[in-house]
Amino acid sequence: MTDFTTLTLHEALDGLAKKDFSAREAMEAHLDAAEAAQGALNCFSVIDREHALATADASDARRAKGEAGLLEGAPLAIKDLFAVKGVETTASSNILKGFRPPYESTVTQNLWNAGATMVAKTSMDEFAMGSSNETAASGPVINPWKATGSDEALVPGGSSGGSVSALAAGISYGATGTDTGGSIRQPAAFTGLVGVKPTYGRCSRWGVVAFASSLDHPGPIAKTVKDAALLTQVMSGHDPKDSTSYPGAVPDFAAAVGRSVKGLRIGIPKEYRLEGMPADIERLWGEGAEWLKAAGAEIVEVSLPMTKYALPAYYIIAPAEASSNLARYDGMRYGQRIEGDDLIDTYEKTRAAGFGKEVQRRIMIGTYVLSAGYYDAYYVKALKVRRKILEDFNAAFEKCDALLTPATPSAAFGIGSKAKASPIEMYLNDVFTVTANIAGVPAMSVPAGLDANGLPLGLQIITKALDEETMFTVGAAIEDAAGFTAKPERWWA
Ligand code: GLN
């Protein structure tokens with residue numbers, strides 16, 4: 001009998017094409033696994049058996065008619081930020097409780113058009129604000145990985161924590177995520193998975209609950225680089241419904257996997273060597289450069305001097321946009337409403353009850369930095385820093401074709417360990433990832449090894465805007481050399 005939980009997306013597509021198993025059989029196995037794991041991992045926001053089986057049956061019917069798409073019959077997990085028609089979509093927030101969108105996000109529609117099926121929707125940090133998936137209204141998501149010899153529950157990273165937890169536990173063949181400051185790459189690195197943030201505009205934001213519109217990037221999470229390339233390809237494409245959508249054609253990303261890195265110049269940005277960085281991360285970064293060199297690439301040192309201003313600029317721009325985007329949740333049109341004495345009182349009571357603490361903090365910071373008198377000092381200054389960061393990347397890409405950096409400054413940490421410290425402690429998680437959001441350039445994390453505690457660590461590859469192909473080529477070379485095959489020990493079901 002097929003062990004559905006260990007297959008990669010490409011292996012599963014092969015099995016489905018050869019009729020070793022049907023979309024329905026694959027779905028039933030994944031639904032059973034989802035229901036069995038939910039108590040321990042808490043990674044799903046909605047498991048709708050009926051909806052899931054209907055998508056699988058429709059897929060089997062298409063295949064019977066000879067109409068199989070690129071992802072025909074493969075069950076995917078969908079982050080709860082993507083609107084899926086008729087299925088509750090809450091962004092893991094109480095304020096959207098009960099909201100069933102009457103429309104479908106473009107990215108999920110692209111996946112369904114290619115024949116994919118949906119096993120369930122996944123939990124996330126509320127409105128995608130966080131790095132640990134501890135701010136979801138439905139409680140923390142647990143990482144399937146544990147440190148060697150320890151039973152401590154670890155965070156899966158965030159904000160796409162439910163997606164990575166489900167995928168690392170073998171409860172789908174791929175997942176969607178969104179990355180505003182690192183929310184695909186950091187959780188992928190914490191769970192031994194591949195996470196891709198394509199160029200800004202590649203994947204439509206239409207139907208994705210907005211956090212910070214100029215920084216939000218939908219993208220895939222996958223078990224292998226080849227799976228990630230195929231998912232990126234299907235999810236991408238011009239969308240007239242998103243005014244920032246890139247109008248050009250989508251290259252054959254999967255074809256870039258396996259190309260030689262010979263002659264490629266790989267930049268090592270010296271500013272990413274942080275003081276106090278764990279030795280295992282430093283070591284792995286050096287190994288990564290050696291692997292690429294051995295495969296024929298040239299290693300060059302580059303400088304991104306504005307890096308140290310990236311996090312402060314992000315924590316002004318992202319909350320500013322969030323405070324504006326989240327103004328629509330007023331209890332009038334959708335989600336939760338707490339009746340007050342008058343309209344203003346209803347707004348206040350609804351928003352006070354519906355938003356969690358971190359979301360409220362972001363709205364307050366955003367409103368503050370946009371207010372008259374502070375706008376120039378904070379918001380405009382942050383935009384100037386943003387331009388400088390983009391110029392840094394432009395200069396670096398004159399000297400190299402891709403950048404290699406660590407994905408995160410640590411491995412997965414214990415539930416509660418950073419949330420209790422200070423918000424700043426949590427914000428530091430994104431130190432290596434936010435720059436690519438600020439510049440809109442593609443970036444991915446690839447699992448590259450384990451730390452001394454047996455927890456996965458990732459390396460990040462960043463390339464020029466619209467050059468995902470080089471990113472996938474370098475990512476696949478790292479994957480090949482790393483030979484990362486470790487899996488979490490199965491304790492959750
Ligand atoms: N951790 C960052 C934040 O809290 C990024 C989140 C994200 O990429 N959605 O804003």
# chains A, B, ... in the order shown; residues from 1 in each chain; ligands from 1
>>> residues_around(residues="A:Val84", least_positions_apart="5", cutoff="12 Å", atoms="only C-alpha atoms", output="ChimeraX atom specification")
/A:46,48,51-52,77-79,89-91,99-112,117-118,120-122,206-209
>>> residues_near_ligand(ligand="ligand 1", cutoff="10 Å", atoms="only C-alpha atoms and all ligand atoms", output="PyMOL selection string")
chain A and resi 124-133+157-160+177-187+197+210-212+215-218+311+314-315+318-319+322+358-359+362+423+426-431+433-434+437
>>> select_by_dssp(residues="stretch 17-228 of chain A", states="helix (DSSP H, G or I)", output="ChimeraX atom specification")
/A:17,23-41,49-64,94-96,106-113,126-128,161-168,185-190,225-228
>>> select_by_dssp(residues="stretch 75-281 of chain A", states="strand (DSSP E or B)", output="NGL selection string")
:A and (75-79 or 82 or 84 or 87 or 117-122 or 154 or 175-179 or 194-197 or 208 or 217-222 or 265-269)
>>> closest_residue(among="A:Ala297, A:Val302, A:Ala439, A:Ile316", to="A:Ala477", atoms="only C-alpha atoms")
A:Ala297
>>> atom_distance(atom1="atom CA of A:Ser260", atom2="atom CA of A:Ala279")
29.8 Å
>>> residues_around(residues="A:Ala68", least_positions_apart="5", cutoff="7 Å", atoms="only C-alpha atoms", output="list in words")
Arg62, Arg63 and Gly115 of chain A
>>> write_last_selection(atoms="N, CA and C atoms", output="compact mmCIF listing (two decimals), in the first residue's frame")
# COMPACT_ATOMS: atom_id res chain seq x y z
N ARG A 62 -12.05 14.50 -14.11
CA ARG A 62 -11.27 15.15 -15.19
C ARG A 62 -10.27 14.18 -15.79
N ARG A 63 -9.58 13.43 -14.89
CA ARG A 63 -8.58 12.50 -15.43
C ARG A 63 -9.25 11.44 -16.31
N GLY A 115 -5.62 21.47 -11.58
CA GLY A 115 -6.07 20.16 -11.11
C GLY A 115 -5.80 19.84 -9.65
>>> closest_atom_pairs(of="stretch 360-431 of chain A", to="stretch 325-331 of chain A", cutoff="12 Å", atoms="only C-alpha atoms", output="Markdown table")
| residue | atom | partner | partner_atom | distance |
| --- | --- | --- | --- | --- |
| A:Gln360 | CA | A:Leu326 | CA | 10.0 |
| A:Arg362 | CA | A:Leu326 | CA | 10.1 |
| A:Ile363 | CA | A:Leu326 | CA | 7.7 |
| A:Met364 | CA | A:Leu326 | CA | 11.3 |
| A:Gly366 | CA | A:Asn325 | CA | 10.4 |
| A:Thr367 | CA | A:Ala327 | CA | 10.4 |
>>> closest_residue(among="A:Arg386, A:Gly454, A:Ala402, A:Lys308", to="A:Phe432", atoms="only C-alpha atoms")
A:Lys308
>>> closest_residue(among="A:Asp451, A:Glu489, A:Asp242, A:Asp280", to="A:Phe190", atoms="only C-alpha atoms")
A:Asp451
>>> closest_residue(among="A:Gly354, A:Gly192, A:Gly276, A:Pro144", to="A:Pro409", atoms="only C-alpha atoms")
A:Gly276
>>> closest_residue(among="A:Ser163, A:Ser22, A:Thr244, A:Gln38", to="A:Leu81", atoms="only C-alpha atoms")
A:Ser163
>>> residues_around(residues="A:Leu167", least_positions_apart="4", cutoff="8 Å", atoms="only C-alpha atoms", output="list in words")
Ala77, Ser163, Ile171, Ser172, Tyr173, Gly174, Ala175, Ala222 and Lys223 of chain A
>>> closest_residue(among="A:Leu404, A:Met277, A:Ala289, A:Ala481", to="A:Thr463", atoms="only C-alpha atoms")
A:Leu404
>>> residues_around(residues="stretch 232-241 of chain A", least_positions_apart="5", cutoff="9 Å", atoms="only C-alpha atoms", output="mmCIF file with N, CA, C and O atoms, in the first residue's frame")
data_model
loop_
_atom_site.group_PDB
_atom_site.id
_atom_site.type_symbol
_atom_site.label_atom_id
_atom_site.label_comp_id
_atom_site.auth_asym_id
_atom_site.auth_seq_id
_atom_site.Cartn_x
_atom_site.Cartn_y
_atom_site.Cartn_z
ATOM 1 N N LEU A 70 -1.455 20.030 -14.692
ATOM 2 C CA LEU A 70 -0.089 19.861 -14.174
ATOM 3 C C LEU A 70 -0.047 19.340 -12.738
ATOM 4 O O LEU A 70 0.933 18.721 -12.321
ATOM 5 N N LEU A 71 -1.076 19.647 -11.933
ATOM 6 C CA LEU A 71 -1.087 19.227 -10.526
ATOM 7 C C LEU A 71 -2.257 18.287 -10.260
ATOM 8 O O LEU A 71 -2.751 18.197 -9.133
ATOM 9 N N THR A 106 -6.988 34.541 -6.765
ATOM 10 C CA THR A 106 -6.422 34.175 -8.073
ATOM 11 C C THR A 106 -5.419 33.033 -7.941
ATOM 12 O O THR A 106 -5.412 32.097 -8.755
ATOM 13 N N VAL A 107 -4.574 33.093 -6.907
ATOM 14 C CA VAL A 107 -3.550 32.054 -6.747
ATOM 15 C C VAL A 107 -4.187 30.681 -6.536
ATOM 16 O O VAL A 107 -3.783 29.692 -7.171
ATOM 17 N N THR A 108 -5.207 30.598 -5.665
ATOM 18 C CA THR A 108 -5.824 29.283 -5.464
ATOM 19 C C THR A 108 -6.571 28.852 -6.736
ATOM 20 O O THR A 108 -6.512 27.692 -7.116
ATOM 21 N N GLN A 109 -7.197 29.817 -7.414
ATOM 22 C CA GLN A 109 -7.885 29.469 -8.674
ATOM 23 C C GLN A 109 -6.888 28.886 -9.685
ATOM 24 O O GLN A 109 -7.179 27.901 -10.353
ATOM 25 N N ASN A 110 -5.681 29.485 -9.743
ATOM 26 C CA ASN A 110 -4.649 28.947 -10.646
ATOM 27 C C ASN A 110 -4.305 27.505 -10.275
ATOM 28 O O ASN A 110 -4.076 26.663 -11.153
ATOM 29 N N LEU A 111 -4.243 27.229 -8.961
ATOM 30 C CA LEU A 111 -3.927 25.865 -8.515
ATOM 31 C C LEU A 111 -5.053 24.902 -8.897
ATOM 32 O O LEU A 111 -4.803 23.800 -9.389
ATOM 33 N N ASN A 113 -7.198 25.304 -11.292
ATOM 34 C CA ASN A 113 -7.221 25.168 -12.760
ATOM 35 C C ASN A 113 -6.207 24.133 -13.235
ATOM 36 O O ASN A 113 -6.368 23.531 -14.295
ATOM 37 N N ALA A 114 -5.129 23.948 -12.452
ATOM 38 C CA ALA A 114 -4.111 22.955 -12.813
ATOM 39 C C ALA A 114 -4.448 21.578 -12.229
ATOM 40 O O ALA A 114 -3.652 20.650 -12.314
ATOM 41 N N VAL A 196 9.456 29.556 -0.997
ATOM 42 C CA VAL A 196 9.767 30.488 -2.089
ATOM 43 C C VAL A 196 8.933 31.768 -1.994
ATOM 44 O O VAL A 196 7.702 31.713 -1.920
ATOM 45 N N LYS A 197 9.627 32.893 -2.002
ATOM 46 C CA LYS A 197 8.979 34.192 -2.168
ATOM 47 C C LYS A 197 9.375 34.681 -3.554
ATOM 48 O O LYS A 197 10.510 35.104 -3.759
ATOM 49 N N PRO A 198 8.459 34.586 -4.521
ATOM 50 C CA PRO A 198 8.823 35.022 -5.876
ATOM 51 C C PRO A 198 8.974 36.544 -5.942
ATOM 52 O O PRO A 198 8.765 37.226 -4.944
ATOM 53 N N GLY A 201 4.755 40.806 -7.497
ATOM 54 C CA GLY A 201 3.952 40.922 -8.720
ATOM 55 C C GLY A 201 3.822 39.622 -9.506
ATOM 56 O O GLY A 201 2.985 39.522 -10.393
ATOM 57 N N ARG A 202 4.661 38.629 -9.220
ATOM 58 C CA ARG A 202 4.568 37.341 -9.929
ATOM 59 C C ARG A 202 3.264 36.619 -9.589
ATOM 60 O O ARG A 202 2.584 36.088 -10.452
ATOM 61 N N CYS A 203 2.973 36.545 -8.274
ATOM 62 C CA CYS A 203 1.754 35.872 -7.823
ATOM 63 C C CYS A 203 0.762 36.948 -7.396
ATOM 64 O O CYS A 203 1.087 37.803 -6.572
ATOM 65 N N SER A 204 -0.415 36.887 -7.938
ATOM 66 C CA SER A 204 -1.423 37.911 -7.673
ATOM 67 C C SER A 204 -1.794 37.962 -6.191
ATOM 68 O O SER A 204 -1.904 36.938 -5.520
ATOM 69 N N ARG A 205 -2.025 39.180 -5.718
ATOM 70 C CA ARG A 205 -2.492 39.347 -4.338
ATOM 71 C C ARG A 205 -4.017 39.366 -4.265
ATOM 72 O O ARG A 205 -4.579 39.496 -3.189
ATOM 73 N N TRP A 206 -4.680 39.234 -5.400
ATOM 74 C CA TRP A 206 -6.142 39.351 -5.393
ATOM 75 C C TRP A 206 -6.773 38.193 -4.620
ATOM 76 O O TRP A 206 -6.450 37.027 -4.855
ATOM 77 N N PRO A 218 2.476 36.279 -2.136
ATOM 78 C CA PRO A 218 2.083 34.865 -2.051
ATOM 79 C C PRO A 218 3.192 33.989 -2.647
ATOM 80 O O PRO A 218 3.925 34.442 -3.533
ATOM 81 N N GLY A 219 3.294 32.764 -2.171
ATOM 82 C CA GLY A 219 4.301 31.837 -2.706
ATOM 83 C C GLY A 219 4.073 30.451 -2.147
ATOM 84 O O GLY A 219 3.239 30.251 -1.259
ATOM 85 N N PRO A 220 4.822 29.457 -2.655
ATOM 86 C CA PRO A 220 4.626 28.072 -2.219
ATOM 87 C C PRO A 220 5.628 27.601 -1.156
ATOM 88 O O PRO A 220 6.716 28.173 -1.015
ATOM 89 N N ASP A 227 9.642 20.544 -6.676
ATOM 90 C CA ASP A 227 8.219 20.723 -6.349
ATOM 91 C C ASP A 227 7.900 22.214 -6.218
ATOM 92 O O ASP A 227 6.859 22.690 -6.693
ATOM 93 N N TYR A 246 2.571 41.466 -12.360
ATOM 94 C CA TYR A 246 3.543 41.578 -13.457
ATOM 95 C C TYR A 246 2.939 41.015 -14.747
ATOM 96 O O TYR A 246 2.475 39.871 -14.776
ATOM 97 N N PRO A 247 2.968 41.812 -15.828
ATOM 98 C CA PRO A 247 2.267 41.390 -17.052
ATOM 99 C C PRO A 247 3.028 40.402 -17.938
ATOM 100 O O PRO A 247 2.441 39.830 -18.846
ATOM 101 N N GLY A 248 4.317 40.181 -17.689
ATOM 102 C CA GLY A 248 5.108 39.313 -18.573
ATOM 103 C C GLY A 248 4.764 37.843 -18.412
ATOM 104 O O GLY A 248 4.044 37.447 -17.494
ATOM 105 N N ALA A 249 5.313 37.043 -19.314
ATOM 106 C CA ALA A 249 5.048 35.603 -19.298
ATOM 107 C C ALA A 249 5.773 34.927 -18.130
ATOM 108 O O ALA A 249 6.753 35.458 -17.605
ATOM 109 N N VAL A 250 5.291 33.759 -17.740
ATOM 110 C CA VAL A 250 5.922 32.988 -16.667
ATOM 111 C C VAL A 250 6.884 31.986 -17.296
ATOM 112 O O VAL A 250 6.464 31.151 -18.100
ATOM 113 N N PRO A 251 8.174 32.055 -16.950
ATOM 114 C CA PRO A 251 9.122 31.086 -17.523
ATOM 115 C C PRO A 251 8.859 29.671 -17.007
ATOM 116 O O PRO A 251 8.121 29.494 -16.031
ATOM 117 N N ASP A 252 9.480 28.706 -17.635
ATOM 118 C CA ASP A 252 9.382 27.320 -17.180
ATOM 119 C C ASP A 252 10.353 27.140 -16.008
ATOM 120 O O ASP A 252 11.503 26.782 -16.184
ATOM 121 N N PHE A 253 9.859 27.441 -14.803
ATOM 122 C CA PHE A 253 10.752 27.417 -13.631
ATOM 123 C C PHE A 253 11.325 26.023 -13.381
ATOM 124 O O PHE A 253 12.483 25.883 -12.986
ATOM 125 N N ALA A 254 10.510 24.987 -13.600
ATOM 126 C CA ALA A 254 10.982 23.629 -13.305
ATOM 127 C C ALA A 254 12.207 23.288 -14.166
ATOM 128 O O ALA A 254 13.092 22.545 -13.734
#
>>> atom_distance(atom1="atom CA of A:Ala40", atom2="atom CA of A:Ala26")
22.0 Å
